[in-house]
$ cat target.pdb   # PDB, C-alpha atoms and all ligand atoms
ATOM      1  CA  MET A 626      12.797  -8.883   8.894  1.00  0.00           C
ATOM      2  CA  PRO A 627       9.903 -11.092  10.014  1.00  0.00           C
ATOM      3  CA  THR A 628       8.784 -10.564  13.615  1.00  0.00           C
ATOM      4  CA  TYR A 629       8.006 -14.267  13.788  1.00  0.00           C
ATOM      5  CA  ASP A 630      10.261 -17.135  12.723  1.00  0.00           C
ATOM      6  CA  ASP A 631      10.486 -18.696   9.259  1.00  0.00           C
ATOM      7  CA  ALA A 632       8.329 -21.704  10.142  1.00  0.00           C
ATOM      8  CA  LEU A 633       5.510 -19.485  11.418  1.00  0.00           C
ATOM      9  CA  GLU A 634       5.813 -17.266   8.369  1.00  0.00           C
ATOM     10  CA  GLU A 635       5.471 -20.356   6.177  1.00  0.00           C
ATOM     11  CA  TYR A 636       2.486 -21.536   8.230  1.00  0.00           C
ATOM     12  CA  LEU A 637       0.796 -18.133   7.857  1.00  0.00           C
ATOM     13  CA  ARG A 638       1.312 -18.121   4.105  1.00  0.00           C
ATOM     14  CA  GLU A 639       0.129 -21.679   3.655  1.00  0.00           C
ATOM     15  CA  THR A 640      -2.926 -21.225   5.843  1.00  0.00           C
ATOM     16  CA  PHE A 641      -4.223 -17.723   5.198  1.00  0.00           C
ATOM     17  CA  ALA A 642      -2.280 -15.903   2.537  1.00  0.00           C
ATOM     18  CA  ILE A 643      -2.434 -18.402  -0.270  1.00  0.00           C
ATOM     19  CA  GLU A 644      -1.949 -16.794  -3.650  1.00  0.00           C
ATOM     20  CA  ASP A 645      -4.285 -18.014  -6.339  1.00  0.00           C
ATOM     21  CA  ASP A 646      -2.928 -18.609  -9.855  1.00  0.00           C
ATOM     22  CA  VAL A 647      -3.645 -15.008 -10.851  1.00  0.00           C
ATOM     23  CA  LEU A 648      -1.568 -13.494  -8.032  1.00  0.00           C
ATOM     24  CA  THR A 649       1.249 -15.974  -8.629  1.00  0.00           C
ATOM     25  CA  THR A 650       1.270 -15.095 -12.332  1.00  0.00           C
ATOM     26  CA  ILE A 651       1.241 -11.377 -11.507  1.00  0.00           C
ATOM     27  CA  ARG A 652       4.288 -11.824  -9.276  1.00  0.00           C
ATOM     28  CA  GLU A 653       6.008 -13.834 -12.028  1.00  0.00           C
ATOM     29  CA  ASN A 654       5.156 -11.190 -14.658  1.00  0.00           C
ATOM     30  CA  ILE A 655       6.645  -8.469 -12.449  1.00  0.00           C
ATOM     31  CA  ALA A 656       9.922 -10.404 -12.185  1.00  0.00           C
ATOM     32  CA  ALA A 657       9.930 -11.377 -15.877  1.00  0.00           C
ATOM     33  CA  ARG A 658       9.555  -7.724 -16.945  1.00  0.00           C
ATOM     34  CA  GLY A 659      12.593  -6.842 -14.813  1.00  0.00           C
ATOM     35  CA  LEU A 660      10.799  -4.739 -12.174  1.00  0.00           C
ATOM     36  CA  PRO A 661      12.416  -4.661  -8.727  1.00  0.00           C
ATOM     37  CA  HIS A 662      11.406  -7.273  -6.138  1.00  0.00           C
ATOM     38  CA  ILE A 663       9.716  -4.771  -3.853  1.00  0.00           C
ATOM     39  CA  SER A 664       6.072  -5.797  -4.012  1.00  0.00           C
ATOM     40  CA  ILE A 665       4.388  -6.446  -0.685  1.00  0.00           C
ATOM     41  CA  ASN A 666       4.395 -10.044   0.490  1.00  0.00           C
ATOM     42  CA  PRO A 667       1.280 -12.268   0.527  1.00  0.00           C
ATOM     43  CA  GLU A 668       0.624 -11.737   4.276  1.00  0.00           C
ATOM     44  CA  ASP A 669       0.590  -7.982   3.712  1.00  0.00           C
ATOM     45  CA  GLY A 670      -1.691  -8.528   0.748  1.00  0.00           C
ATOM     46  CA  ARG A 671      -4.161 -10.618   2.689  1.00  0.00           C
ATOM     47  CA  PHE A 672      -4.085  -8.059   5.528  1.00  0.00           C
ATOM     48  CA  LEU A 673      -4.884  -5.218   3.103  1.00  0.00           C
ATOM     49  CA  GLU A 674      -7.661  -7.232   1.466  1.00  0.00           C
ATOM     50  CA  PHE A 675      -9.046  -7.978   4.935  1.00  0.00           C
ATOM     51  CA  ILE A 676      -9.144  -4.400   6.208  1.00  0.00           C
ATOM     52  CA  VAL A 677     -10.556  -3.104   2.932  1.00  0.00           C
ATOM     53  CA  ALA A 678     -13.311  -5.740   3.028  1.00  0.00           C
ATOM     54  CA  ALA A 679     -13.987  -5.344   6.769  1.00  0.00           C
ATOM     55  CA  SER A 680     -14.395  -1.580   6.437  1.00  0.00           C
ATOM     56  CA  GLY A 681     -16.726  -1.898   3.425  1.00  0.00           C
ATOM     57  CA  ALA A 682     -14.516   0.480   1.448  1.00  0.00           C
ATOM     58  CA  ARG A 683     -15.779   1.573  -1.981  1.00  0.00           C
ATOM     59  CA  LEU A 684     -13.189   4.118  -3.058  1.00  0.00           C
ATOM     60  CA  ALA A 685      -9.503   3.332  -2.516  1.00  0.00           C
ATOM     61  CA  LEU A 686      -6.288   5.116  -3.402  1.00  0.00           C
ATOM     62  CA  GLU A 687      -2.816   3.612  -3.653  1.00  0.00           C
ATOM     63  CA  ILE A 688       0.409   5.633  -3.903  1.00  0.00           C
ATOM     64  CA  GLY A 689       3.063   3.417  -5.553  1.00  0.00           C
ATOM     65  CA  THR A 690       1.614   0.850  -7.986  1.00  0.00           C
ATOM     66  CA  LEU A 691       4.739  -0.970  -9.221  1.00  0.00           C
ATOM     67  CA  GLY A 692       3.355  -3.999 -11.119  1.00  0.00           C
ATOM     68  CA  GLY A 693      -0.109  -4.094  -9.561  1.00  0.00           C
ATOM     69  CA  TYR A 694       0.451  -6.869  -7.009  1.00  0.00           C
ATOM     70  CA  SER A 695      -0.784  -4.966  -3.924  1.00  0.00           C
ATOM     71  CA  GLY A 696      -3.408  -3.228  -6.055  1.00  0.00           C
ATOM     72  CA  THR A 697      -4.896  -6.599  -6.939  1.00  0.00           C
ATOM     73  CA  TRP A 698      -5.225  -7.579  -3.270  1.00  0.00           C
ATOM     74  CA  ILE A 699      -6.776  -4.186  -2.438  1.00  0.00           C
ATOM     75  CA  ALA A 700      -9.208  -4.218  -5.374  1.00  0.00           C
ATOM     76  CA  ARG A 701     -10.351  -7.712  -4.433  1.00  0.00           C
ATOM     77  CA  GLY A 702     -11.309  -6.465  -0.963  1.00  0.00           C
ATOM     78  CA  LEU A 703     -13.475  -3.628  -2.287  1.00  0.00           C
ATOM     79  CA  SER A 704     -17.244  -3.855  -2.463  1.00  0.00           C
ATOM     80  CA  ASP A 705     -18.682  -4.968  -5.821  1.00  0.00           C
ATOM     81  CA  ASP A 706     -19.080  -1.412  -7.042  1.00  0.00           C
ATOM     82  CA  GLY A 707     -15.708  -0.377  -5.576  1.00  0.00           C
ATOM     83  CA  ARG A 708     -12.938   1.441  -7.428  1.00  0.00           C
ATOM     84  CA  LEU A 709      -9.189   1.798  -6.916  1.00  0.00           C
ATOM     85  CA  ILE A 710      -7.124   4.731  -8.147  1.00  0.00           C
ATOM     86  CA  THR A 711      -3.410   3.915  -8.103  1.00  0.00           C
ATOM     87  CA  ILE A 712      -0.539   6.346  -8.774  1.00  0.00           C
ATOM     88  CA  GLU A 713       2.775   5.365 -10.382  1.00  0.00           C
ATOM     89  CA  VAL A 714       5.580   7.656 -11.524  1.00  0.00           C
ATOM     90  CA  ASN A 715       7.348   5.115 -13.742  1.00  0.00           C
ATOM     91  CA  PRO A 716       5.512   4.501 -17.064  1.00  0.00           C
ATOM     92  CA  GLU A 717       7.122   1.064 -17.501  1.00  0.00           C
ATOM     93  CA  HIS A 718       5.837  -0.013 -14.067  1.00  0.00           C
ATOM     94  CA  ALA A 719       2.402   1.382 -14.926  1.00  0.00           C
ATOM     95  CA  SER A 720       2.338  -0.579 -18.184  1.00  0.00           C
ATOM     96  CA  VAL A 721       3.147  -3.865 -16.391  1.00  0.00           C
ATOM     97  CA  ALA A 722       0.456  -3.050 -13.815  1.00  0.00           C
ATOM     98  CA  ALA A 723      -2.114  -2.360 -16.523  1.00  0.00           C
ATOM     99  CA  SER A 724      -1.579  -5.783 -18.098  1.00  0.00           C
ATOM    100  CA  ASN A 725      -1.683  -7.435 -14.668  1.00  0.00           C
ATOM    101  CA  PHE A 726      -4.976  -5.709 -13.763  1.00  0.00           C
ATOM    102  CA  ARG A 727      -6.410  -6.938 -17.086  1.00  0.00           C
ATOM    103  CA  LEU A 728      -5.233 -10.452 -16.251  1.00  0.00           C
ATOM    104  CA  ALA A 729      -6.967 -10.213 -12.862  1.00  0.00           C
ATOM    105  CA  GLY A 730     -10.208  -9.045 -14.487  1.00  0.00           C
ATOM    106  CA  LEU A 731      -9.897  -5.714 -12.678  1.00  0.00           C
ATOM    107  CA  ALA A 732      -9.236  -3.343 -15.583  1.00  0.00           C
ATOM    108  CA  GLU A 733     -12.676  -1.732 -15.263  1.00  0.00           C
ATOM    109  CA  ARG A 734     -12.285  -1.082 -11.553  1.00  0.00           C
ATOM    110  CA  VAL A 735      -8.680   0.091 -11.350  1.00  0.00           C
ATOM    111  CA  ASP A 736      -7.614   3.458 -12.680  1.00  0.00           C
ATOM    112  CA  ILE A 737      -3.841   3.946 -13.023  1.00  0.00           C
ATOM    113  CA  ARG A 738      -2.625   7.540 -12.921  1.00  0.00           C
ATOM    114  CA  VAL A 739       0.899   7.930 -14.281  1.00  0.00           C
ATOM    115  CA  GLY A 740       2.937  10.715 -12.722  1.00  0.00           C
ATOM    116  CA  ASP A 741       4.611  11.984  -9.575  1.00  0.00           C
ATOM    117  CA  ALA A 742       2.184  11.546  -6.692  1.00  0.00           C
ATOM    118  CA  HIS A 743       3.298  14.852  -5.148  1.00  0.00           C
ATOM    119  CA  GLN A 744       2.023  16.605  -8.280  1.00  0.00           C
ATOM    120  CA  LEU A 745      -1.081  14.476  -8.833  1.00  0.00           C
ATOM    121  CA  LEU A 746      -2.443  14.414  -5.274  1.00  0.00           C
ATOM    122  CA  PRO A 747      -3.595  18.062  -5.120  1.00  0.00           C
ATOM    123  CA  GLU A 748      -5.858  17.443  -8.156  1.00  0.00           C
ATOM    124  CA  LEU A 749      -7.173  14.207  -6.655  1.00  0.00           C
ATOM    125  CA  LYS A 750      -8.786  16.061  -3.750  1.00  0.00           C
ATOM    126  CA  THR A 751     -11.887  16.607  -5.861  1.00  0.00           C
ATOM    127  CA  GLU A 752     -12.278  12.841  -6.417  1.00  0.00           C
ATOM    128  CA  GLY A 753     -12.293  12.047  -2.692  1.00  0.00           C
ATOM    129  CA  PRO A 754     -12.778  11.705   0.150  1.00  0.00           C
ATOM    130  CA  PHE A 755     -11.410   8.161   0.133  1.00  0.00           C
ATOM    131  CA  ASP A 756     -12.388   5.144   2.221  1.00  0.00           C
ATOM    132  CA  PHE A 757      -8.948   3.566   2.070  1.00  0.00           C
ATOM    133  CA  ILE A 758      -5.487   4.957   1.258  1.00  0.00           C
ATOM    134  CA  PHE A 759      -2.367   2.793   0.919  1.00  0.00           C
ATOM    135  CA  ILE A 760       1.041   4.491   0.928  1.00  0.00           C
ATOM    136  CA  ASP A 761       3.893   2.497  -0.630  1.00  0.00           C
ATOM    137  CA  ALA A 762       6.062   4.852  -2.711  1.00  0.00           C
ATOM    138  CA  GLU A 763       9.414   6.501  -1.852  1.00  0.00           C
ATOM    139  CA  LYS A 764       9.936   6.613   1.919  1.00  0.00           C
ATOM    140  CA  MET A 765      11.052  10.268   1.987  1.00  0.00           C
ATOM    141  CA  GLY A 766       7.595  11.181   0.751  1.00  0.00           C
ATOM    142  CA  TYR A 767       5.715   9.358   3.511  1.00  0.00           C
ATOM    143  CA  PRO A 768       5.154  12.353   5.835  1.00  0.00           C
ATOM    144  CA  ALA A 769       3.727  14.481   3.000  1.00  0.00           C
ATOM    145  CA  TYR A 770       1.587  11.597   1.715  1.00  0.00           C
ATOM    146  CA  LEU A 771       0.257  11.037   5.222  1.00  0.00           C
ATOM    147  CA  GLU A 772      -0.720  14.703   5.665  1.00  0.00           C
ATOM    148  CA  TRP A 773      -2.641  14.515   2.392  1.00  0.00           C
ATOM    149  CA  ALA A 774      -4.246  11.218   3.387  1.00  0.00           C
ATOM    150  CA  LEU A 775      -5.380  12.539   6.780  1.00  0.00           C
ATOM    151  CA  GLU A 776      -7.107  15.436   5.017  1.00  0.00           C
ATOM    152  CA  ASN A 777      -8.754  13.254   2.405  1.00  0.00           C
ATOM    153  CA  LEU A 778     -10.044  10.268   4.383  1.00  0.00           C
ATOM    154  CA  GLN A 779     -13.708   9.680   5.111  1.00  0.00           C
ATOM    155  CA  PRO A 780     -14.660   9.385   8.791  1.00  0.00           C
ATOM    156  CA  GLY A 781     -14.244   5.641   9.369  1.00  0.00           C
ATOM    157  CA  GLY A 782     -11.683   5.557   6.544  1.00  0.00           C
ATOM    158  CA  ILE A 783      -8.368   3.740   6.842  1.00  0.00           C
ATOM    159  CA  VAL A 784      -4.821   4.735   5.930  1.00  0.00           C
ATOM    160  CA  ALA A 785      -2.014   2.157   5.701  1.00  0.00           C
ATOM    161  CA  GLY A 786       1.727   2.569   5.149  1.00  0.00           C
ATOM    162  CA  HIS A 787       4.092  -0.210   4.091  1.00  0.00           C
ATOM    163  CA  ASN A 788       7.627  -0.730   5.508  1.00  0.00           C
ATOM    164  CA  ALA A 789       6.787   0.953   8.804  1.00  0.00           C
ATOM    165  CA  PHE A 790       9.751  -0.863  10.427  1.00  0.00           C
ATOM    166  CA  GLY A 791      12.173   0.340   7.745  1.00  0.00           C
ATOM    167  CA  HIS A 792      13.716  -3.159   7.835  1.00  0.00           C
ATOM    168  CA  GLY A 793      14.577  -2.542  11.482  1.00  0.00           C
ATOM    169  CA  ALA A 794      16.164   0.866  10.953  1.00  0.00           C
ATOM    170  CA  ILE A 795      13.552   2.763  12.964  1.00  0.00           C
ATOM    171  CA  VAL A 796      14.826   1.241  16.232  1.00  0.00           C
ATOM    172  CA  ASP A 797      18.510   1.658  15.368  1.00  0.00           C
ATOM    173  CA  ALA A 798      19.507   4.905  17.112  1.00  0.00           C
ATOM    174  CA  ALA A 799      22.644   5.117  14.958  1.00  0.00           C
ATOM    175  CA  ASP A 800      20.560   5.196  11.772  1.00  0.00           C
ATOM    176  CA  THR A 801      19.803   8.836  11.054  1.00  0.00           C
ATOM    177  CA  ARG A 802      19.339   8.573   7.283  1.00  0.00           C
ATOM    178  CA  GLU A 803      16.646  10.870   5.938  1.00  0.00           C
ATOM    179  CA  ARG A 804      14.506   7.948   4.823  1.00  0.00           C
ATOM    180  CA  THR A 805      14.657   6.451   8.320  1.00  0.00           C
ATOM    181  CA  GLU A 806      13.771   9.797   9.895  1.00  0.00           C
ATOM    182  CA  ALA A 807      10.884  10.101   7.432  1.00  0.00           C
ATOM    183  CA  LEU A 808       9.521   6.725   8.524  1.00  0.00           C
ATOM    184  CA  ARG A 809       9.905   7.671  12.205  1.00  0.00           C
ATOM    185  CA  ALA A 810       8.040  10.929  11.588  1.00  0.00           C
ATOM    186  CA  PHE A 811       5.324   9.054   9.702  1.00  0.00           C
ATOM    187  CA  ASN A 812       4.806   6.529  12.508  1.00  0.00           C
ATOM    188  CA  ARG A 813       4.880   9.211  15.222  1.00  0.00           C
ATOM    189  CA  ARG A 814       2.379  11.394  13.380  1.00  0.00           C
ATOM    190  CA  LEU A 815      -0.030   8.473  13.020  1.00  0.00           C
ATOM    191  CA  ALA A 816       0.438   7.396  16.626  1.00  0.00           C
ATOM    192  CA  GLU A 817      -0.139  10.860  18.063  1.00  0.00           C
ATOM    193  CA  ASP A 818      -3.144  12.027  16.016  1.00  0.00           C
ATOM    194  CA  PRO A 819      -6.133  12.020  18.376  1.00  0.00           C
ATOM    195  CA  LEU A 820      -8.504  11.654  15.409  1.00  0.00           C
ATOM    196  CA  MET A 821      -6.938   8.311  14.469  1.00  0.00           C
ATOM    197  CA  VAL A 822      -6.830   4.868  16.090  1.00  0.00           C
ATOM    198  CA  SER A 823      -3.485   3.502  14.938  1.00  0.00           C
ATOM    199  CA  LEU A 824      -0.991   0.679  15.244  1.00  0.00           C
ATOM    200  CA  ILE A 825       1.728  -1.134  13.328  1.00  0.00           C
ATOM    201  CA  PHE A 826       0.549  -4.584  12.313  1.00  0.00           C
ATOM    202  CA  PRO A 827       3.719  -6.702  12.501  1.00  0.00           C
ATOM    203  CA  ALA A 828       3.446  -8.547   9.189  1.00  0.00           C
ATOM    204  CA  GLY A 829       6.534  -8.529   7.001  1.00  0.00           C
ATOM    205  CA  ASP A 830       8.307  -5.173   7.338  1.00  0.00           C
ATOM    206  CA  GLY A 831       5.487  -3.682   9.403  1.00  0.00           C
ATOM    207  CA  MET A 832       2.198  -2.290   8.130  1.00  0.00           C
ATOM    208  CA  ALA A 833       1.246   0.980   9.831  1.00  0.00           C
ATOM    209  CA  VAL A 834      -2.510   1.277   9.841  1.00  0.00           C
ATOM    210  CA  ALA A 835      -4.972   3.751  11.269  1.00  0.00           C
ATOM    211  CA  VAL A 836      -8.709   4.309  11.149  1.00  0.00           C
ATOM    212  CA  ARG A 837     -10.218   7.776  11.334  1.00  0.00           C
ATOM    213  CA  ARG A 838     -12.641   8.072  14.259  1.00  0.00           C
ATOM    214  CA  LYS A 839     -16.252   8.755  13.197  1.00  0.00           C
TER     215      LYS A 839
HETATM  216  C1  LIG B   1       7.559  -0.366  -3.239  1.00  0.00           C
HETATM  217  S1  LIG B   1       7.019  -0.074  -4.861  1.00  0.00           S
HETATM  218  C2  LIG B   1       5.280  -0.348  -4.757  1.00  0.00           C
HETATM  219  C3  LIG B   1       4.915  -1.795  -4.605  1.00  0.00           C
HETATM  220  C4  LIG B   1       3.439  -2.070  -4.786  1.00  0.00           C
HETATM  221  N1  LIG B   1       2.659  -1.272  -3.860  1.00  0.00           N
HETATM  222  C5  LIG B   1       3.171  -3.530  -4.526  1.00  0.00           C
HETATM  223  O1  LIG B   1       3.381  -3.964  -3.389  1.00  0.00           O
HETATM  224  O2  LIG B   1       2.771  -4.254  -5.457  1.00  0.00           O
HETATM  225  C6  LIG B   1       7.110   1.672  -4.973  1.00  0.00           C
HETATM  226  C7  LIG B   1       6.605   2.237  -6.307  1.00  0.00           C
HETATM  227  O3  LIG B   1       6.397   3.637  -6.116  1.00  0.00           O
HETATM  228  C8  LIG B   1       6.801   4.307  -7.284  1.00  0.00           C
HETATM  229  N2  LIG B   1       7.115   5.698  -6.901  1.00  0.00           N
HETATM  230  C9  LIG B   1       8.237   6.168  -6.301  1.00  0.00           C
HETATM  231  N3  LIG B   1       8.148   7.490  -6.111  1.00  0.00           N
HETATM  232  C10 LIG B   1       6.948   7.871  -6.594  1.00  0.00           C
HETATM  233  C11 LIG B   1       6.271   9.124  -6.701  1.00  0.00           C
HETATM  234  N4  LIG B   1       6.846  10.261  -6.255  1.00  0.00           N
HETATM  235  N5  LIG B   1       5.048   9.146  -7.253  1.00  0.00           N
HETATM  236  C12 LIG B   1       4.457   8.008  -7.703  1.00  0.00           C
HETATM  237  N6  LIG B   1       5.034   6.796  -7.637  1.00  0.00           N
HETATM  238  C13 LIG B   1       6.273   6.728  -7.089  1.00  0.00           C
HETATM  239  C14 LIG B   1       7.997   3.509  -7.769  1.00  0.00           C
HETATM  240  O4  LIG B   1       8.244   3.745  -9.141  1.00  0.00           O
HETATM  241  C15 LIG B   1       7.587   2.072  -7.452  1.00  0.00           C
HETATM  242  O5  LIG B   1       6.946   1.485  -8.562  1.00  0.00           O
END

$ encode --input "target.pdb" --output "structure tokens"
Amino acid sequence: MPTYDDALEEYLRETFAIEDDVLTTIRENIAARGLPHISINPEDGRFLEFIVAASGARLALEIGTLGGYSGTWIARGLSDDGRLITIEVNPEHASVAASNFRLAGLAERVDIRVGDAHQLLPELKTEGPFDFIFIDAEKMGYPAYLEWALENLQPGGIVAGHNAFGHGAIVDAADTRERTEALRAFNRRLAEDPLMVSLIFPAGDGMAVAVRRK
């Protein structure tokens, strides 16, 4: 559900969110290995790379790796000595991601943790606080992931959540599915936290993003 029309989306992609050969190959590998077509789109990727670079982030965390497409954009935005930890519950997805990070020359800087994020996050506290946290796993988990992220962000750190529009469901009053309610709760929590400056950036399916006040 683009918030702009198809021609503008095309213009954006052609002008600013051009995939290089590595990103195109990563996307093709993800499809060829039979993973679902649920990676972020290139505009989201460029936006993540931009905010990671603009904030000077060194330590990033991603929840929901899939095949490593978004992780590649994020890792490219990090400072030269930056590191990304990315969590994936599905070992097959993690294996595709590992080969894609090698292809991108990022194997040394990206650390894939295989397991359920709800179980792994408590242990990860000791490795933080984080400069950047990207949430893109199961939607029902978003509120819990956000609570963890808010507790484990550096001052000046940024948290982002993909699919903040829920493909339009969040403004459909008749849609009371648990996943939709989880997204509404996630957005409301971010919007109302006085410690955060937040918004939904209207690329693709909406990228909720918030910076922690210093
Ligand atoms: C939307 S995809 C992530 C897409 C990826 N961020 C990208 O754009 O390239 C969601 C991923 O989260 C994983 N996932 C779902 N529930 C999870 C959980 N509880 N812990 C860790 N990963 C989970 C799924 O297996 C899937 O690979």

$ closest_residue --input "target.pdb" --among "A:Leu633, A:Ala656, A:Ala816, A:Ala828" --to "Gly670 in chain A" --atoms "all atoms listed in the file"
A:Ala828

$ resolve_selection --input "target.pdb" --expression "the PyMOL selection byres (((chain A and resi 698-712) around 6) and not hetatm)" --output "PyMOL selection string"
chain A and resi 670+673-674+677-678+682-690+695-697+713+734-739

$ closest_residue --input "target.pdb" --among "A:Ala785, A:Ala632, A:Leu728, A:Ala774" --to "ligand LIG 1 (chain B)" --atoms "all atoms listed in the file"
A:Ala785

$ residues_around --input "target.pdb" --residues "Ala722 in chain A" --least-positions-apart "5" --cutoff "8 Å" --atoms "only C-alpha atoms" --output "CSV table (one decimal) with C-alpha atoms, in the coordinates of the input"
chain,number,residue,atom,x,y,z
A,690,THR,CA,1.6,0.8,-8.0
A,691,LEU,CA,4.7,-1.0,-9.2
A,692,GLY,CA,3.4,-4.0,-11.1
A,693,GLY,CA,-0.1,-4.1,-9.6
A,694,TYR,CA,0.5,-6.9,-7.0

$ closest_residue --input "target.pdb" --among "A:Leu660, A:Ala833, A:Met765, A:Leu746" --to "Pro716 in chain A" --atoms "all atoms listed in the file"
A:Leu660

$ atom_distance --input "target.pdb" --atom1 "atom S1 of ligand LIG 1 (chain B)" --atom2 "CA of Asp756 in chain A"
21.3 Å

$ atom_distance --input "target.pdb" --atom1 "atom N4 of ligand LIG 1 (chain B)" --atom2 "CA of Phe757 in chain A"
19.1 Å

$ resolve_selection --input "target.pdb" --expression "the PyMOL selection byres (((chain A and resi 637) around 12) and not hetatm)" --output "ChimeraX atom specification"
/A:627,629-636,638-644,666-669,671-672,828-829

$ closest_residue --input "target.pdb" --among "A:Glu806, A:Asp830, A:Asp646, A:Asp741" --to "Ala729 in chain A" --atoms "all atoms listed in the file"
A:Asp646

$ closest_residue --input "target.pdb" --among "A:Ser720, A:Asn715, A:Thr751, A:Ser680" --to "ligand LIG 1 (chain B)" --atoms "only C-alpha atoms and all ligand atoms"
A:Asn715

$ closest_residue --input "target.pdb" --among "A:Ala742, A:Leu749, A:Leu775, A:Ile760" --to "Pro819 in chain A" --atoms "only C-alpha atoms"
A:Leu775

$ axis_aligned_box --input "target.pdb" --around "ligand LIG 1 (chain B)" --padding-each-side "5 Å" --output "JSON"
{"center_x": 5.5, "center_y": 3.0, "center_z": -6.2, "size_x": 15.6, "size_y": 24.5, "size_z": 15.9}

$ resolve_selection --input "target.pdb" --expression "the PyMOL selection byres (((chain A and resi 805) around 12) and not hetatm)" --output "PyMOL selection string"
chain A and resi 763-768+788-804+806-812

$ atom_distance --input "target.pdb" --atom1 "CA of Ile655 in chain A" --atom2 "atom N2 of ligand LIG 1 (chain B)"
15.2 Å

$ residues_near_point --input "target.pdb" --point "(-11.5, 8.9, 14.2)" --cutoff "9 Å" --atoms "only C-alpha atoms" --output "ChimeraX atom specification"
/A:780-782,819-822,835-839

$ write_last_selection --input "target.pdb" --atoms "C-alpha atoms" --output "mmCIF file, keeping the file's coordinate frame"
data_model
loop_
_atom_site.group_PDB
_atom_site.id
_atom_site.type_symbol
_atom_site.label_atom_id
_atom_site.label_comp_id
_atom_site.auth_asym_id
_atom_site.auth_seq_id
_atom_site.Cartn_x
_atom_site.Cartn_y
_atom_site.Cartn_z
ATOM 1 C CA PRO A 780 -14.660 9.385 8.791
ATOM 2 C CA GLY A 781 -14.244 5.641 9.369
ATOM 3 C CA GLY A 782 -11.683 5.557 6.544
ATOM 4 C CA PRO A 819 -6.133 12.020 18.376
ATOM 5 C CA LEU A 820 -8.504 11.654 15.409
ATOM 6 C CA MET A 821 -6.938 8.311 14.469
ATOM 7 C CA VAL A 822 -6.830 4.868 16.090
ATOM 8 C CA ALA A 835 -4.972 3.751 11.269
ATOM 9 C CA VAL A 836 -8.709 4.309 11.149
ATOM 10 C CA ARG A 837 -10.218 7.776 11.334
ATOM 11 C CA ARG A 838 -12.641 8.072 14.259
ATOM 12 C CA LYS A 839 -16.252 8.755 13.197
#
